[in-house]
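Structure file query-v1.cif with mmCIF, C-alpha atoms:
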data_structure
loop_
_atom_site.label_atom_id
_atom_site.label_comp_id
_atom_site.auth_asym_id
_atom_site.auth_seq_id
_atom_site.Cartn_x
_atom_site.Cartn_y
_atom_site.Cartn_z
CA MET A 1 0.00 0.00 0.00
CA MET A 2 2.90 2.26 0.87
CA SER A 3 4.37 1.73 -2.60
CA ALA A 4 1.05 2.55 -4.27
CA LEU A 5 1.02 5.85 -2.38
CA LEU A 6 4.57 6.47 -3.53
CA GLY A 7 3.51 5.72 -7.10
CA ALA A 8 0.56 8.09 -6.84
CA ILE A 9 2.79 10.87 -5.48
CA LEU A 10 5.37 10.28 -8.21
CA LEU A 11 2.65 10.40 -10.88
CA LEU A 12 1.14 13.60 -9.47
CA VAL A 13 4.53 15.29 -9.22
CA MET A 14 5.49 14.37 -12.77
CA VAL A 15 2.23 15.64 -14.33
CA LEU A 16 2.19 18.85 -12.27
CA PRO A 17 2.42 21.53 -15.00
CA PRO A 18 5.63 23.28 -13.80
CA ILE A 19 7.46 19.97 -13.39
CA ARG A 20 6.00 18.50 -16.56
CA LEU A 21 7.15 21.53 -18.56
CA ALA A 22 10.56 21.55 -16.88
CA THR A 23 11.21 17.90 -17.73
CA GLU A 24 9.91 18.43 -21.26
CA ALA A 25 12.20 21.43 -21.78
CA SER A 26 15.01 19.02 -22.65
CA MET A 27 14.76 16.03 -24.97
CA THR A 28 17.01 13.99 -22.66
CA ALA A 29 14.94 14.73 -19.55
CA HIS A 30 11.72 14.21 -21.50
CA MET A 31 12.61 10.67 -22.46
CA LEU A 32 14.87 9.63 -19.61
CA VAL A 33 13.38 11.33 -16.55
CA GLN A 34 9.72 11.64 -17.49
CA TYR A 35 9.34 8.32 -19.31
CA THR A 36 11.19 6.38 -16.59
CA SER A 37 9.35 8.08 -13.71
CA LEU A 38 5.94 7.39 -15.20
CA LEU A 39 6.81 3.76 -15.95
CA LEU A 40 7.92 3.44 -12.34
CA ALA A 41 4.76 5.17 -11.07
CA GLY A 42 2.62 2.77 -13.10
CA GLY A 43 4.47 -0.20 -11.66
CA LEU A 44 4.07 1.05 -8.09
CA LEU A 45 0.37 1.91 -8.47
CA ILE A 46 -0.38 -1.79 -9.02
CA ASP A 47 0.04 -2.36 -5.29
CA GLY A 48 -2.99 -0.19 -4.58
CA LEU A 49 -5.36 -2.26 -6.71
CA PRO A 50 -7.57 -4.93 -5.09
CA ALA A 51 -6.15 -8.46 -5.50
CA ARG A 52 -9.45 -9.51 -7.10
CA TRP A 53 -8.97 -7.03 -9.95
CA LEU A 54 -5.42 -8.13 -10.52
CA ARG A 55 -6.47 -11.79 -10.69
CA ALA A 56 -9.13 -10.85 -13.25
CA VAL A 57 -6.55 -8.96 -15.33
CA GLN A 58 -4.05 -11.78 -15.12
CA ARG A 59 -6.54 -14.24 -16.60
CA TRP A 60 -5.91 -12.32 -19.84
CA ASN A 61 -2.17 -12.25 -19.33
CA GLU A 62 -0.91 -15.83 -19.36
CA LEU A 63 2.90 -15.94 -19.08
CA GLY A 64 2.78 -12.14 -19.12
CA ILE A 65 2.56 -12.32 -22.90
CA ALA A 66 -0.22 -9.78 -23.41
CA GLY A 67 1.44 -7.32 -21.03
CA LEU A 68 4.85 -7.61 -22.66
CA VAL A 69 3.48 -7.46 -26.21
CA GLY A 70 1.55 -4.32 -25.28
CA SER A 71 4.55 -2.82 -23.48
CA SER A 72 7.03 -3.38 -26.28
CA LEU A 73 4.62 -1.89 -28.83
CA ALA A 74 3.85 1.08 -26.59
CA LEU A 75 7.56 1.74 -26.05
CA ALA A 76 8.22 1.47 -29.79
CA VAL A 77 5.50 4.02 -30.57
CA LEU A 78 6.61 6.34 -27.76
CA MET A 79 10.15 6.36 -29.18
CA VAL A 80 9.01 7.80 -32.55
CA PRO A 81 10.55 11.30 -32.56
CA ARG A 82 7.30 12.92 -33.69
CA VAL A 83 5.70 11.94 -30.36
CA LEU A 84 8.07 14.22 -28.46
CA ASP A 85 7.28 17.22 -30.68
CA LEU A 86 3.54 16.55 -30.78
CA ALA A 87 3.34 16.08 -27.00
CA LEU A 88 4.52 19.68 -26.62
CA THR A 89 1.94 21.17 -28.96
CA ASP A 90 -1.05 18.81 -28.86
CA MET A 91 -2.64 18.22 -25.44
CA ARG A 92 -4.45 15.10 -26.66
CA VAL A 93 -1.19 13.47 -27.65
CA GLU A 94 0.37 14.57 -24.36
CA CYS A 95 -2.44 12.97 -22.32
CA LEU A 96 -2.33 9.75 -24.34
CA LYS A 97 1.46 9.63 -23.95
CA LEU A 98 1.28 10.04 -20.16
CA LEU A 99 -1.48 7.45 -19.90
CA ALA A 100 0.38 4.97 -22.13
CA LEU A 101 3.52 5.31 -20.00
CA VAL A 102 1.68 4.64 -16.72
CA LEU A 103 -0.19 1.68 -18.22
CA THR A 104 3.04 0.31 -19.69
CA GLY A 105 4.72 0.53 -16.28
CA ALA A 106 1.79 -1.34 -14.73
CA ALA A 107 1.77 -3.95 -17.50
CA LEU A 108 5.52 -4.56 -17.12
CA ARG A 109 5.19 -5.06 -13.37
CA LEU A 110 2.20 -7.41 -13.80
CA SER A 111 3.88 -9.45 -16.50
CA TRP A 112 7.58 -9.63 -15.71
CA ARG A 113 7.68 -12.42 -13.11
CA ARG A 114 5.01 -14.46 -14.87
CA ALA A 115 6.91 -14.23 -18.11
CA GLY A 116 9.82 -16.51 -17.32
CA VAL A 117 13.18 -16.32 -19.02
CA VAL A 118 12.08 -17.20 -22.56
CA VAL A 119 9.37 -14.55 -22.84
CA GLN A 120 11.63 -12.05 -21.06
CA VAL A 121 14.37 -12.69 -23.63
CA PHE A 122 11.83 -12.15 -26.39
CA PHE A 123 10.76 -8.82 -24.86
CA LEU A 124 14.30 -7.61 -24.18
CA GLY A 125 15.37 -8.83 -27.61
CA ASN A 126 12.78 -6.44 -29.03
CA VAL A 127 13.11 -3.41 -26.83
CA LEU A 128 16.86 -3.21 -26.15
CA PRO A 129 18.05 -3.36 -29.81
CA MET A 130 15.38 -0.76 -30.59
CA MET A 131 16.83 1.54 -27.90
CA VAL A 132 20.35 0.98 -29.22
CA VAL A 133 19.33 1.66 -32.84
CA VAL A 134 17.38 4.79 -31.89
CA GLY A 135 20.22 5.89 -29.61
CA THR A 136 22.83 5.41 -32.32
CA LEU A 137 20.72 7.28 -34.86
CA TYR A 138 20.26 10.19 -32.45
CA GLN A 139 24.00 10.37 -31.90
CA ASP A 140 24.92 10.19 -35.58
CA ALA A 141 22.16 12.22 -37.20
CA ALA A 142 23.45 15.50 -38.62
CA THR A 143 19.96 16.99 -38.46
CA ARG A 144 17.53 17.32 -35.62
CA VAL A 145 14.72 14.77 -35.40
CA CYS A 146 12.67 17.05 -33.13
CA ASN A 147 11.98 20.65 -34.07
CA ALA A 148 11.62 21.59 -30.41
CA TYR A 149 14.98 20.24 -29.24
CA ARG A 150 18.60 21.09 -29.89
CA LEU A 151 21.06 18.87 -31.71
CA ASP A 152 23.40 18.51 -28.71
CA ASP A 153 20.42 17.50 -26.54
CA GLN A 154 19.51 14.85 -29.12
CA GLN A 155 23.08 13.51 -29.11
CA ASP A 156 23.10 13.37 -25.29
CA LEU A 157 19.86 11.43 -25.36
CA GLY A 158 21.24 9.06 -27.99
CA LEU A 159 24.22 8.22 -25.83
CA ALA A 160 22.02 7.85 -22.74
CA LEU A 161 19.65 5.47 -24.55
CA VAL A 162 22.52 3.16 -25.49
CA TRP A 163 23.79 3.22 -21.90
CA ALA A 164 20.27 2.62 -20.56
CA ALA A 165 19.89 -0.42 -22.81
CA ALA A 166 23.25 -1.74 -21.63
CA GLY A 167 22.24 -1.08 -18.01
CA VAL A 168 18.94 -2.94 -18.30
CA LEU A 169 20.69 -5.89 -19.94
CA THR A 170 23.35 -5.97 -17.20
CA LEU A 171 20.75 -5.86 -14.42
CA TRP A 172 18.75 -8.61 -16.05
CA LEU A 173 21.81 -10.84 -16.50
CA LEU A 174 22.87 -10.23 -12.89
CA ARG A 175 19.45 -11.18 -11.59
CA LEU A 176 19.37 -14.23 -13.83
CA GLY A 177 22.79 -15.24 -12.54
CA MET A 178 21.71 -14.78 -8.93
CA ARG A 179 18.58 -16.85 -9.45
CA ARG A 180 20.62 -19.62 -11.07
CA HIS A 181 22.95 -19.48 -8.12
CA ASP A 182 20.02 -19.75 -5.65
CA VAL A 183 18.55 -22.69 -7.53
CA ALA A 184 21.94 -24.41 -7.66
CA SER A 185 22.60 -23.95 -3.92
CA ALA A 186 19.07 -25.10 -3.01
CA ALA A 187 19.48 -28.31 -4.99
CA MET B 1 -6.62 -18.84 -20.51
CA MET B 2 -4.15 -18.86 -23.36
CA LEU B 3 -6.88 -17.98 -25.83
CA ARG B 4 -7.81 -14.87 -23.86
CA THR B 5 -4.15 -13.89 -23.65
CA ALA B 6 -3.77 -14.34 -27.39
CA LEU B 7 -6.91 -12.28 -27.97
CA LEU B 8 -5.74 -9.44 -25.74
CA SER B 9 -2.29 -9.52 -27.36
CA LEU B 10 -3.94 -9.25 -30.76
CA VAL B 11 -6.08 -6.30 -29.65
CA LEU B 12 -3.00 -4.55 -28.20
CA ALA B 13 -1.05 -5.24 -31.39
CA LEU B 14 -3.85 -3.70 -33.47
CA LEU B 15 -3.97 -0.72 -31.13
CA GLY B 16 -0.20 -0.28 -31.44
CA TRP B 17 -0.37 -0.58 -35.21
CA ALA B 18 -3.23 1.92 -35.44
CA SER B 19 -1.49 4.51 -33.27
CA ALA B 20 1.83 4.07 -35.11
CA SER B 21 0.03 4.38 -38.44
CA TRP B 22 -1.73 7.58 -37.34
CA LEU B 23 1.48 9.01 -35.89
CA THR B 24 3.59 8.34 -38.98
CA ASN B 25 0.98 9.11 -41.69
CA ASP B 26 0.88 5.46 -42.74
CA PHE B 27 4.56 4.90 -41.97
CA GLN B 28 5.76 7.72 -44.25
CA VAL B 29 7.20 10.14 -41.66
CA TRP B 30 8.84 9.74 -38.27
CA THR B 31 9.48 13.35 -37.33
CA ALA B 32 7.33 16.44 -36.84
CA GLU B 33 9.29 18.07 -39.68
CA GLY B 34 8.42 15.19 -42.02
CA ALA B 35 4.76 15.46 -41.05
CA ARG B 36 4.84 19.22 -41.64
CA ARG B 37 6.27 18.79 -45.13
CA LEU B 38 3.73 16.13 -46.01
CA ALA B 39 0.84 18.19 -44.64
CA VAL B 40 1.45 21.28 -46.77
CA VAL B 41 1.42 19.17 -49.94
CA ASP B 42 -2.07 17.92 -49.06
CA ARG B 43 -3.35 21.16 -47.55
CA PRO B 44 -1.58 24.35 -48.70
CA VAL B 45 -1.26 26.92 -45.90
CA PRO B 46 -2.31 30.50 -46.71
CA ALA B 47 0.11 33.10 -45.36
CA PRO B 48 -1.55 34.81 -42.38
CA ALA B 49 -1.93 38.58 -42.19
CA ALA B 50 1.40 40.15 -41.24
CA MET B 51 3.10 43.44 -42.04
CA LEU B 52 6.59 43.15 -43.46
CA ALA B 53 9.36 45.67 -42.88
CA GLY B 54 12.74 45.73 -44.53
CA PRO B 55 14.85 47.47 -47.18
CA GLY B 56 12.44 48.63 -49.87
CA LEU B 57 9.46 47.16 -48.04
CA THR B 58 7.56 49.70 -46.04
CA GLU B 59 4.33 48.49 -44.50
CA ALA B 60 3.89 45.74 -47.05
CA SER B 61 1.31 43.09 -46.23
CA LEU B 62 2.86 39.62 -46.49
CA PRO B 63 -0.16 37.88 -48.10
CA GLU B 64 -0.48 40.71 -50.63
CA TRP B 65 3.24 40.73 -51.33
CA LEU B 66 3.23 36.97 -51.90
CA ALA B 67 0.02 36.76 -53.91
CA ARG B 68 0.99 38.03 -57.32
CA PRO B 69 -0.16 36.30 -60.51
CA GLY B 70 2.57 34.37 -62.27
CA GLN B 71 4.95 34.69 -59.32
CA VAL B 72 6.23 31.93 -57.09
CA THR B 73 8.26 32.83 -54.00
CA ILE B 74 10.94 30.82 -52.20
CA VAL B 75 10.73 31.87 -48.55
CA ALA B 76 13.23 31.14 -45.78
CA PHE B 77 13.31 32.18 -42.15
CA PHE B 78 16.56 33.33 -40.55
CA TYR B 79 18.13 35.83 -38.15
CA THR B 80 21.14 37.97 -39.00
CA ARG B 81 23.26 37.05 -35.95
CA CYS B 82 23.13 33.38 -37.01
CA THR B 83 26.55 32.23 -38.09
CA THR B 84 25.94 28.53 -38.75
CA VAL B 85 22.94 27.40 -40.79
CA CYS B 86 22.08 30.90 -41.93
CA THR B 87 25.49 31.51 -43.50
CA ALA B 88 24.82 28.49 -45.66
CA LEU B 89 21.34 29.89 -46.24
CA GLY B 90 22.78 33.27 -47.30
CA SER B 91 25.16 31.78 -49.83
CA GLY B 92 22.45 29.38 -51.00
CA PHE B 93 20.12 32.33 -51.63
CA GLN B 94 22.93 34.18 -53.38
CA GLN B 95 23.29 31.27 -55.80
CA LEU B 96 19.52 31.11 -56.28
CA GLN B 97 19.52 34.83 -57.03
CA GLN B 98 22.22 34.35 -59.68
CA ALA B 99 20.19 31.59 -61.30
CA ILE B 100 17.04 33.70 -61.18
CA ALA B 101 18.82 36.79 -62.54
CA ALA B 102 20.08 34.71 -65.47
CA SER B 103 16.49 34.13 -66.59
CA PRO B 104 14.48 36.91 -64.91
CA ASP B 105 11.22 36.11 -66.72
CA ASP B 106 10.79 32.91 -64.77
CA GLY B 107 8.62 34.60 -62.16
CA VAL B 108 10.50 33.21 -59.16
CA ARG B 109 11.27 35.55 -56.24
CA LEU B 110 13.17 35.14 -53.01
CA LEU B 111 12.14 36.33 -49.56
CA THR B 112 14.07 35.88 -46.35
CA ILE B 113 12.20 36.73 -43.16
CA SER B 114 14.00 37.36 -39.89
CA PHE B 115 12.23 35.96 -36.81
CA ASP B 116 14.35 38.20 -34.58
CA PRO B 117 12.84 41.68 -35.14
CA ALA B 118 14.07 42.86 -31.73
CA HIS B 119 17.59 42.71 -33.06
CA ASP B 120 17.08 42.81 -36.82
CA ASP B 121 15.94 46.38 -37.40
CA ALA B 122 15.92 48.15 -40.76
CA ALA B 123 19.63 48.98 -40.53
CA ARG B 124 20.67 45.39 -39.73
CA LEU B 125 18.53 43.99 -42.53
CA GLN B 126 19.97 46.54 -44.95
CA GLN B 127 23.45 45.51 -43.89
CA TYR B 128 22.55 41.84 -44.38
CA ALA B 129 21.14 42.55 -47.83
CA LEU B 130 24.38 44.34 -48.76
CA GLN B 131 26.53 41.56 -47.31
CA TRP B 132 24.86 39.00 -49.56
CA SER B 133 24.33 41.51 -52.42
CA ALA B 134 20.60 40.88 -52.38
CA ASP B 135 19.08 42.53 -55.45
CA PRO B 136 15.66 43.88 -54.45
CA ARG B 137 14.28 42.95 -57.88
CA HIS B 138 14.77 39.27 -57.03
CA TRP B 139 15.42 38.95 -53.31
CA ALA B 140 13.62 40.77 -50.52
CA VAL B 141 14.97 40.79 -46.98
CA ALA B 142 12.40 41.53 -44.29
CA THR B 143 11.10 40.94 -40.83
CA VAL B 144 7.69 41.12 -39.14
CA PRO B 145 8.05 43.77 -36.43
CA ASP B 146 4.77 42.94 -34.67
CA ALA B 147 5.43 40.08 -32.23
CA GLY B 148 1.87 38.72 -32.38
CA GLN B 149 1.77 38.71 -36.18
CA LEU B 150 5.22 37.12 -36.32
CA GLN B 151 4.16 34.33 -33.96
CA ARG B 152 1.00 33.66 -35.97
CA LEU B 153 3.12 33.46 -39.12
CA LEU B 154 5.62 31.07 -37.51
CA ASP B 155 2.76 28.95 -36.14
CA ALA B 156 0.94 28.82 -39.49
CA PHE B 157 4.08 27.75 -41.36
CA GLN B 158 5.19 25.55 -38.41
CA VAL B 159 8.52 27.30 -38.05
CA VAL B 160 9.81 26.28 -34.62
CA VAL B 161 12.40 28.63 -33.13
CA ILE B 162 14.22 27.59 -29.95
CA THR B 163 17.16 29.14 -28.11
CA ASP B 164 20.48 27.42 -28.67
CA GLY B 165 21.76 28.10 -25.16
CA LEU B 166 24.48 30.39 -26.53
CA GLY B 167 22.37 33.50 -27.00
CA GLY B 168 21.25 32.49 -30.48
CA TYR B 169 18.52 30.29 -31.95
CA GLU B 170 18.04 26.93 -33.58
CA HIS B 171 15.20 26.60 -36.05
CA ASN B 172 13.89 24.15 -38.61
CA ALA B 173 15.49 25.96 -41.53
CA ALA B 174 13.95 25.05 -44.87
CA LEU B 175 13.01 26.48 -48.25
CA LEU B 176 9.28 27.20 -48.35
CA ILE B 177 7.63 27.42 -51.75
CA VAL B 178 4.72 29.87 -51.81
CA ASP B 179 2.42 29.88 -54.84
CA GLU B 180 0.91 32.84 -56.69
CA ARG B 181 -2.07 32.82 -54.34
CA GLY B 182 0.19 33.28 -51.31
CA ARG B 183 -0.12 29.71 -50.04
CA LEU B 184 2.71 27.56 -48.72
CA VAL B 185 2.57 24.51 -50.97
CA ARG B 186 5.87 22.69 -50.64
CA ILE B 187 8.92 22.53 -48.36
CA PHE B 188 12.48 21.64 -49.36
CA ASP B 189 15.66 21.12 -47.32
CA ASP B 190 17.63 24.34 -47.00
CA THR B 191 20.50 22.62 -48.81
CA ASP B 192 18.23 21.66 -51.71
CA GLY B 193 18.19 25.02 -53.49
CA ASP B 194 18.40 23.55 -56.99
CA ALA B 195 15.42 21.28 -56.43
CA ALA B 196 13.45 24.13 -54.85
CA LEU B 197 14.16 26.45 -57.78
CA ALA B 198 13.32 23.77 -60.34
CA TYR B 199 10.05 23.09 -58.55
CA ALA B 200 9.21 26.80 -58.30
CA ARG B 201 9.91 27.29 -62.04
CA SER B 202 7.78 24.32 -62.97
CA MET B 203 4.96 25.79 -60.88
CA VAL B 204 5.17 29.08 -62.76
CA ARG B 205 5.13 27.22 -66.08
CA ARG B 206 2.17 25.11 -65.05
CA GLY B 207 0.39 28.21 -63.76
CA SER B 208 0.84 30.14 -67.00
CA ALA B 209 -0.07 27.10 -69.08
CA GLY B 210 -3.27 26.47 -67.13
#
Conversion result in structure tokens:
Amino acid sequence: MMSALLGAILLLVMVLPPIRLATEASMTAHMLVQYTSLLLAGGLLIDGLPARWLRAVQRWNELGIAGLVGSSLALAVLMVPRVLDLALTDMRVECLKLLALVLTGAALRLSWRRAGVVVQVFFLGNVLPMMVVVGTLYQDAATRVCNAYRLDDQQDLGLALVWAAAGVLTLWLLRLGMRRHDVASAA
Amino acid sequence: MMLRTALLSLVLALLGWASASWLTNDFQVWTAEGARRLAVVDRPVPAPAAMLAGPGLTEASLPEWLARPGQVTIVAFFYTRCTTVCTALGSGFQQLQQAIAASPDDGVRLLTISFDPAHDDAARLQQYALQWSADPRHWAVATVPDAGQLQRLLDAFQVVVITDGLGGYEHNAALLIVDERGRLVRIFDDTDGDAALAYARSMVRRGSAG
């Protein structure tokens, strides 16, 4: 329950107009800080939902497949550069973007454990290369992909995306290694 | 259980496909700039009311200046302090002017509009015109002194100006083709002067033929 409260506070803080505009003033903060915070908020909010609801949702989410399919597609769409520009000028797109991020965070949390290694590999095999490709493009592009952001900002974000992908992969491998280790020592 | 999961996955996939398709105009564009360029081809944008000021242009209305039968205008936005993109733009326009002067009956004109009227007053614009030897018969250098009118013009043509953190600006520099009715009909890369001029000339020819 405590974590759900934390998630709600995080969500409220991030959508508060002054903070929303401040994070969206830079392309790097827009994608790294805002996207990550809202994904996290979505994941935390799950703890506030009645167990009955979650069980009902999970009946549609065997092996976390639906959640991870939805998440990887949502992340792919949210990484299209036009989204960042449109979110600044079109309130409908902004609202849909914020909602999609929170829902994606929730879906990831609901699906990750259920997924098991194979489905997780499939998800990461989709999302991480996408982040690396987008990140490399942002670093190498001679022109700006967003009219509202500077070229140096875009290059910073590109580098950060590649590092973020590497970080997620490292964390996942570490956890996998630890679990293997636990299983081995229990046997 | 698995059937429901498959069904939900399918619905989510369709949702993802639909939103991506909307966002990218059926997977044609990935950036706001791409969408802007595609949009003006489908729906030409009339120049909004704005008063121009510049060397040889006193109180000229932009829509009236642009809308002249048999004339197509290549418009670019800039600011005189700009030393990067706009230097390329200046020399690009100089070359366009030479090409236009070589066959002056083509009906193609050039117009550069400064989006920095606070700094680019009449004297600065005059200096800029001299620097690039802009010939007023072919190339007009101007600004829109009224901040509200300027913003409406930038909004209508989707020119996005941001600060570059060094006291200057970054902007989506491009060559805007405006037809004889004063409507923005096509956008080219600022490095694509030849293509822009060829397109503008073909528009004049088509206009006079039809």
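Of the listed residues (A:Ser185, A:Asn61, A:Thr136, A:Thr89), A:Asn61 comes nearest to chain B; the distances count only C-alpha atoms.
Using only C-alpha atoms, the nearest neighbour of chain B within the list A:Glu24, A:Asp153, A:Asp47, A:Asp140 is A:Asp153.
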task: Residues of chain A near chain B: apply a cut-off of 12 Å, count all atoms listed in the file, and supply the list as JSON, numbers by chain.
output: {"A": [25, 26, 56, 57, 58, 59, 60, 61, 62, 63, 64, 65, 66, 67, 68, 69, 70, 71, 72, 73, 74, 75, 76, 77, 78, 79, 80, 81, 82, 83, 84, 85, 86, 87, 88, 89, 90, 93, 96, 97, 100, 104, 107, 111, 134, 143, 144, 145, 146, 147, 148, 149, 150, 151, 152, 153]}
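Around stretch 66-75 of chain B, within 7 Å and counting only C-alpha atoms, the residues found are B:Leu62, B:Pro63, B:Gly107, B:Val108, B:Arg109, B:Leu110, B:Leu111, B:Thr112, B:Leu175, B:Leu176, B:Ile177, B:Val178, B:Asp179, B:Glu180, B:Arg181, B:Gly182, B:Ala200, B:Val204, B:Gly207, B:Ser208, once anything fewer than 3 positions away on its own chain is removed.
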message: Give me the residues near B:Thr80 as a ChimeraX atom specification, where near means some atom within 8 Å (using all atoms listed in the file) and where sequence neighbours in that chain fewer than 5 positions away do not count.
response: /B:86,114,120,124-125,128
Given the PyMOL selection byres ((chain B and resi 48) around 10), the residues it picks as a tab-separated table (two decimals) with C-alpha atoms, in the coordinates of the input:
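Result saved to part_26.tsv:
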chain	number	residue	atom	x	y	z
B	45	VAL	CA	-1.26	26.92	-45.90
B	46	PRO	CA	-2.31	30.50	-46.71
B	47	ALA	CA	0.11	33.10	-45.36
B	49	ALA	CA	-1.93	38.58	-42.19
B	50	ALA	CA	1.40	40.15	-41.24
B	51	MET	CA	3.10	43.44	-42.04
B	61	SER	CA	1.31	43.09	-46.23
B	62	LEU	CA	2.86	39.62	-46.49
B	63	PRO	CA	-0.16	37.88	-48.10
B	149	GLN	CA	1.77	38.71	-36.18
B	150	LEU	CA	5.22	37.12	-36.32
B	152	ARG	CA	1.00	33.66	-35.97
B	153	LEU	CA	3.12	33.46	-39.12
B	154	LEU	CA	5.62	31.07	-37.51
B	155	ASP	CA	2.76	28.95	-36.14
B	156	ALA	CA	0.94	28.82	-39.49
B	157	PHE	CA	4.08	27.75	-41.36
B	182	GLY	CA	0.19	33.28	-51.31
B	183	ARG	CA	-0.12	29.71	-50.04
query: Which of these, A:Leu137, A:Val118, A:Val33, A:Ala160, has the shortest distance to A:Leu176 once you count only C-alpha atoms?
result: A:Val118
When the PyMOL selection byres ((chain B and resi 126) around 12) is applied to the structure above, which residues does it catch, written out as a short mmCIF file (atom, residue, chain, number, x, y, z; two decimals) with C-alpha atoms, keeping the file's coordinate frame?
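As a result, out.cif now contains:
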data_model
loop_
_atom_site.label_atom_id
_atom_site.label_comp_id
_atom_site.auth_asym_id
_atom_site.auth_seq_id
_atom_site.Cartn_x
_atom_site.Cartn_y
_atom_site.Cartn_z
CA ALA B 53 9.36 45.67 -42.88
CA GLY B 54 12.74 45.73 -44.53
CA PRO B 55 14.85 47.47 -47.18
CA GLY B 56 12.44 48.63 -49.87
CA LEU B 57 9.46 47.16 -48.04
CA THR B 80 21.14 37.97 -39.00
CA ASP B 120 17.08 42.81 -36.82
CA ASP B 121 15.94 46.38 -37.40
CA ALA B 122 15.92 48.15 -40.76
CA ALA B 123 19.63 48.98 -40.53
CA ARG B 124 20.67 45.39 -39.73
CA LEU B 125 18.53 43.99 -42.53
CA GLN B 127 23.45 45.51 -43.89
CA TYR B 128 22.55 41.84 -44.38
CA ALA B 129 21.14 42.55 -47.83
CA LEU B 130 24.38 44.34 -48.76
CA GLN B 131 26.53 41.56 -47.31
CA TRP B 132 24.86 39.00 -49.56
CA SER B 133 24.33 41.51 -52.42
CA ALA B 134 20.60 40.88 -52.38
CA ASP B 135 19.08 42.53 -55.45
CA PRO B 136 15.66 43.88 -54.45
CA ALA B 140 13.62 40.77 -50.52
CA VAL B 141 14.97 40.79 -46.98
CA ALA B 142 12.40 41.53 -44.29
CA THR B 143 11.10 40.94 -40.83
#
task: Write out as a ChimeraX atom specification which residues come within 12 Å of B:Val85 when counting all atoms listed in the file, dropping same-chain ones fewer than 2 positions away.
output: /A:143 /B:76-83,87-92,168-174,189-191
Output C-alpha atoms of each residue in that selection to a file, as a PDB file, in the frame of the given file.
ATOM      1  CA  THR A 143      19.960  16.990 -38.460  1.00  0.00           C
TER       2      THR A 143
ATOM      3  CA  ALA B  76      13.230  31.140 -45.780  1.00  0.00           C
ATOM      4  CA  PHE B  77      13.310  32.180 -42.150  1.00  0.00           C
ATOM      5  CA  PHE B  78      16.560  33.330 -40.550  1.00  0.00           C
ATOM      6  CA  TYR B  79      18.130  35.830 -38.150  1.00  0.00           C
ATOM      7  CA  THR B  80      21.140  37.970 -39.000  1.00  0.00           C
ATOM      8  CA  ARG B  81      23.260  37.050 -35.950  1.00  0.00           C
ATOM      9  CA  CYS B  82      23.130  33.380 -37.010  1.00  0.00           C
ATOM     10  CA  THR B  83      26.550  32.230 -38.090  1.00  0.00           C
ATOM     11  CA  THR B  87      25.490  31.510 -43.500  1.00  0.00           C
ATOM     12  CA  ALA B  88      24.820  28.490 -45.660  1.00  0.00           C
ATOM     13  CA  LEU B  89      21.340  29.890 -46.240  1.00  0.00           C
ATOM     14  CA  GLY B  90      22.780  33.270 -47.300  1.00  0.00           C
ATOM     15  CA  SER B  91      25.160  31.780 -49.830  1.00  0.00           C
ATOM     16  CA  GLY B  92      22.450  29.380 -51.000  1.00  0.00           C
ATOM     17  CA  GLY B 168      21.250  32.490 -30.480  1.00  0.00           C
ATOM     18  CA  TYR B 169      18.520  30.290 -31.950  1.00  0.00           C
ATOM     19  CA  GLU B 170      18.040  26.930 -33.580  1.00  0.00           C
ATOM     20  CA  HIS B 171      15.200  26.600 -36.050  1.00  0.00           C
ATOM     21  CA  ASN B 172      13.890  24.150 -38.610  1.00  0.00           C
ATOM     22  CA  ALA B 173      15.490  25.960 -41.530  1.00  0.00           C
ATOM     23  CA  ALA B 174      13.950  25.050 -44.870  1.00  0.00           C
ATOM     24  CA  ASP B 189      15.660  21.120 -47.320  1.00  0.00           C
ATOM     25  CA  ASP B 190      17.630  24.340 -47.000  1.00  0.00           C
ATOM     26  CA  THR B 191      20.500  22.620 -48.810  1.00  0.00           C
TER      27      THR B 191
END
field: Matched chain/residue IDs from the PyMOL selection byres ((chain A and resi 41) around 8), as a ChimeraX atom specification
entry: /A:6-8,10-11,37-40,42-45,102,105
Selected residues written out with C-alpha atoms, as a compact mmCIF listing (two decimals), in the frame of the given file:
# COMPACT_ATOMS: atom_id res chain seq x y z
CA LEU A 6 4.57 6.47 -3.53
CA GLY A 7 3.51 5.72 -7.10
CA ALA A 8 0.56 8.09 -6.84
CA LEU A 10 5.37 10.28 -8.21
CA LEU A 11 2.65 10.40 -10.88
CA SER A 37 9.35 8.08 -13.71
CA LEU A 38 5.94 7.39 -15.20
CA LEU A 39 6.81 3.76 -15.95
CA LEU A 40 7.92 3.44 -12.34
CA GLY A 42 2.62 2.77 -13.10
CA GLY A 43 4.47 -0.20 -11.66
CA LEU A 44 4.07 1.05 -8.09
CA LEU A 45 0.37 1.91 -8.47
CA VAL A 102 1.68 4.64 -16.72
CA GLY A 105 4.72 0.53 -16.28
message: To one decimal place in Å, what is the distance between atom CA of B:Ala102 and atom CA of B:Leu184?
response: 25.2 Å
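Reported to one decimal place, the separation of atom CA of A:Val119 from atom CA of A:Thr36 is 21.9 Å.
Take atom CA of A:Ala164 and atom CA of A:Ala142: the distance between them is 22.4 Å.
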task: Select, from A:Arg179, A:Tyr138, A:Val132, A:Leu110, the residue with the minimum atom-to-atom distance to A:Leu54, counting all atoms listed in the file.
output: A:Leu110
Given 5 Å of margin on each side, can you work out the centre and size in Å (one decimal) of an axis-aligned box holding every listed atom of stretch 22-34 of chain A, as AutoDock Vina command-line options?
--center_x 13.4 --center_y 15.6 --center_z -20.8 --size_x 17.3 --size_y 21.9 --size_z 18.4
